[in-house]
$ cat entry.pdb   # PDB, C-alpha atoms, pLDDT in the B column
ATOM      1  CA  MET P1452     117.528  77.248 180.010  1.00 48.00           C
ATOM      2  CA  ALA P1453     114.741  79.047 178.148  1.00 54.00           C
ATOM      3  CA  MET P1454     114.769  82.802 177.794  1.00 55.00           C
ATOM      4  CA  LYS P1455     111.647  84.682 178.800  1.00 55.00           C
ATOM      5  CA  ALA P1456     110.242  87.311 176.468  1.00 55.00           C
ATOM      6  CA  VAL P1457     110.890  90.871 177.534  1.00 54.00           C
ATOM      7  CA  SER P1458     107.710  92.931 177.704  1.00 53.00           C
ATOM      8  CA  GLN P1459     109.497  96.285 177.520  1.00 66.00           C
ATOM      9  CA  PRO P1460     110.678  97.498 174.138  1.00 73.00           C
ATOM     10  CA  ALA P1461     114.437  97.691 173.672  1.00 70.00           C
ATOM     11  CA  PRO P1462     115.964 101.165 173.496  1.00 74.00           C
ATOM     12  CA  ALA P1463     116.578 102.438 169.990  1.00 81.00           C
ATOM     13  CA  GLU P1464     119.768 104.376 170.764  1.00 89.00           C
ATOM     14  CA  PRO P1465     122.877 102.271 169.958  1.00 85.00           C
ATOM     15  CA  GLU P1466     124.713 103.422 173.101  1.00 89.00           C
ATOM     16  CA  LYS P1467     121.877 101.976 175.211  1.00 90.00           C
ATOM     17  CA  LEU P1468     121.072  99.001 172.999  1.00 92.00           C
ATOM     18  CA  LYS P1469     124.594  97.558 172.774  1.00 93.00           C
ATOM     19  CA  PRO P1470     125.043  96.916 176.529  1.00 93.00           C
ATOM     20  CA  LEU P1471     121.563  95.403 176.705  1.00 94.00           C
ATOM     21  CA  LEU P1472     122.344  93.046 173.820  1.00 94.00           C
ATOM     22  CA  HIS P1473     125.676  92.096 175.387  1.00 95.00           C
ATOM     23  CA  LEU P1474     123.870  91.112 178.592  1.00 96.00           C
ATOM     24  CA  LYS P1475     121.348  89.029 176.681  1.00 96.00           C
ATOM     25  CA  ILE P1476     124.109  87.271 174.749  1.00 97.00           C
ATOM     26  CA  GLU P1477     125.978  86.488 177.964  1.00 97.00           C
ATOM     27  CA  ARG P1478     122.863  84.751 179.311  1.00 98.00           C
ATOM     28  CA  MET P1479     122.272  82.600 176.205  1.00 97.00           C
ATOM     29  CA  ASP P1480     122.983  78.897 176.170  1.00 98.00           C
ATOM     30  CA  THR P1481     124.840  77.128 173.361  1.00 98.00           C
ATOM     31  CA  ALA P1482     121.732  76.393 171.287  1.00 98.00           C
ATOM     32  CA  GLN P1483     120.574  80.004 171.469  1.00 98.00           C
ATOM     33  CA  LEU P1484     124.028  81.263 170.515  1.00 98.00           C
ATOM     34  CA  ARG P1485     124.007  79.001 167.461  1.00 98.00           C
ATOM     35  CA  VAL P1486     120.638  80.394 166.381  1.00 98.00           C
ATOM     36  CA  LEU P1487     121.800  83.959 166.976  1.00 98.00           C
ATOM     37  CA  ASN P1488     124.922  83.291 164.938  1.00 98.00           C
ATOM     38  CA  ARG P1489     122.820  81.967 162.026  1.00 98.00           C
ATOM     39  CA  VAL P1490     120.573  85.031 162.213  1.00 98.00           C
ATOM     40  CA  LEU P1491     123.583  87.364 162.172  1.00 98.00           C
ATOM     41  CA  MET P1492     125.116  85.500 159.236  1.00 98.00           C
ATOM     42  CA  GLN P1493     121.817  85.824 157.353  1.00 98.00           C
ATOM     43  CA  ILE P1494     121.738  89.574 158.030  1.00 98.00           C
ATOM     44  CA  GLU P1495     125.341  89.878 156.805  1.00 98.00           C
ATOM     45  CA  ALA P1496     124.553  87.838 153.679  1.00 98.00           C
ATOM     46  CA  GLU P1497     121.517  89.976 152.859  1.00 98.00           C
ATOM     47  CA  ASP P1498     123.543  93.160 153.362  1.00 98.00           C
ATOM     48  CA  LEU P1499     126.309  91.860 151.111  1.00 97.00           C
ATOM     49  CA  ALA P1500     123.807  90.786 148.442  1.00 98.00           C
ATOM     50  CA  ASP P1501     122.208  94.243 148.550  1.00 97.00           C
ATOM     51  CA  ARG P1502     125.564  96.005 148.184  1.00 97.00           C
ATOM     52  CA  LEU P1503     126.604  93.638 145.400  1.00 97.00           C
ATOM     53  CA  GLY P1504     123.324  94.246 143.570  1.00 97.00           C
ATOM     54  CA  LYS P1505     123.749  98.007 143.817  1.00 97.00           C
ATOM     55  CA  SER P1506     127.319  97.767 142.532  1.00 95.00           C
ATOM     56  CA  PHE P1507     126.183  95.539 139.658  1.00 92.00           C
ATOM     57  CA  ASP P1508     123.495  98.074 138.744  1.00 95.00           C
ATOM     58  CA  GLN P1509     126.048 100.906 138.798  1.00 95.00           C
ATOM     59  CA  ASP P1510     128.424  98.939 136.575  1.00 93.00           C
ATOM     60  CA  GLN P1511     125.599  98.204 134.157  1.00 92.00           C
ATOM     61  CA  ASP P1512     124.519 101.859 134.098  1.00 93.00           C
ATOM     62  CA  GLN P1513     128.115 102.864 133.336  1.00 92.00           C
ATOM     63  CA  GLY P1514     128.313 100.352 130.479  1.00 91.00           C
ATOM     64  CA  LYS P1515     131.031  98.274 132.107  1.00 88.00           C
ATOM     65  CA  LEU P1516     129.198  94.991 131.550  1.00 90.00           C
ATOM     66  CA  ARG P1517     128.872  95.359 127.775  1.00 92.00           C
ATOM     67  CA  ARG P1518     132.503  94.346 127.322  1.00 89.00           C
ATOM     68  CA  ILE P1519     132.209  91.024 129.170  1.00 91.00           C
ATOM     69  CA  PRO P1520     131.604  88.843 126.068  1.00 93.00           C
ATOM     70  CA  GLU P1521     134.541  90.501 124.296  1.00 91.00           C
ATOM     71  CA  LEU P1522     136.813  90.035 127.324  1.00 90.00           C
ATOM     72  CA  VAL P1523     135.820  86.375 127.666  1.00 92.00           C
ATOM     73  CA  ARG P1524     136.606  85.748 123.971  1.00 93.00           C
ATOM     74  CA  GLN P1525     139.950  87.518 124.362  1.00 93.00           C
ATOM     75  CA  PHE P1526     140.836  85.498 127.452  1.00 93.00           C
ATOM     76  CA  ARG P1527     139.902  82.226 125.784  1.00 93.00           C
ATOM     77  CA  ALA P1528     141.972  83.108 122.697  1.00 93.00           C
ATOM     78  CA  GLU P1529     144.994  83.845 124.878  1.00 92.00           C
ATOM     79  CA  HIS P1530     144.557  80.762 127.076  1.00 92.00           C
ATOM     80  CA  ARG P1531     143.838  77.838 124.787  1.00 85.00           C
ATOM     81  CA  TYR P1532     143.083  74.618 126.622  1.00 79.00           C
ATOM     82  CA  SER P1533     144.572  71.333 125.445  1.00 51.00           C
TER      83      SER P1533
END
$ encode --input "entry.pdb" --output "structure tokens"
Amino acid sequence: MAMKAVSQPAPAEPEKLKPLLHLKIERMDTAQLRVLNRVLMQIEAEDLADRLGKSFDQDQDQGKLRRIPELVRQFRAEHRYS
């Protein structure tokens, strides 16, 4: 079952967009749902990467990353491997 393109633009307001998206999802077949799931996972991954990058930049600006080599040496000294 192929989905036809909608010629009208989707509403921008979340309270109107959510029900419309729910209806579209309900009409999707298994293959389309799999594609949608991959797209949503990609969006989530990009959002997480962006947040992680911003947090990394903040830590670097605050000087938190300068101690990493020292902490690694300390850990290795305390946890000698046989």
$ atom_distance --input "entry.pdb" --atom1 "atom CA of Leu1516 of chain P" --atom2 "atom CA of Arg1502 of chain P"
17.1 Å
$ atom_distance --input "entry.pdb" --atom1 "atom CA of Ala1482 of chain P" --atom2 "atom CA of Asp1498 of chain P"
24.6 Å
$ axis_aligned_box --input "entry.pdb" --around "segment 1518-1525 of chain P" --padding-each-side "5 Å" --output "lines of an AutoDock Vina configuration file"
center_x = 135.8
center_y = 90.0
center_z = 126.6
size_x = 18.3
size_y = 18.6
size_z = 15.2
$ atom_distance --input "entry.pdb" --atom1 "atom CA of Leu1487 of chain P" --atom2 "atom CA of Leu1499 of chain P"
18.3 Å
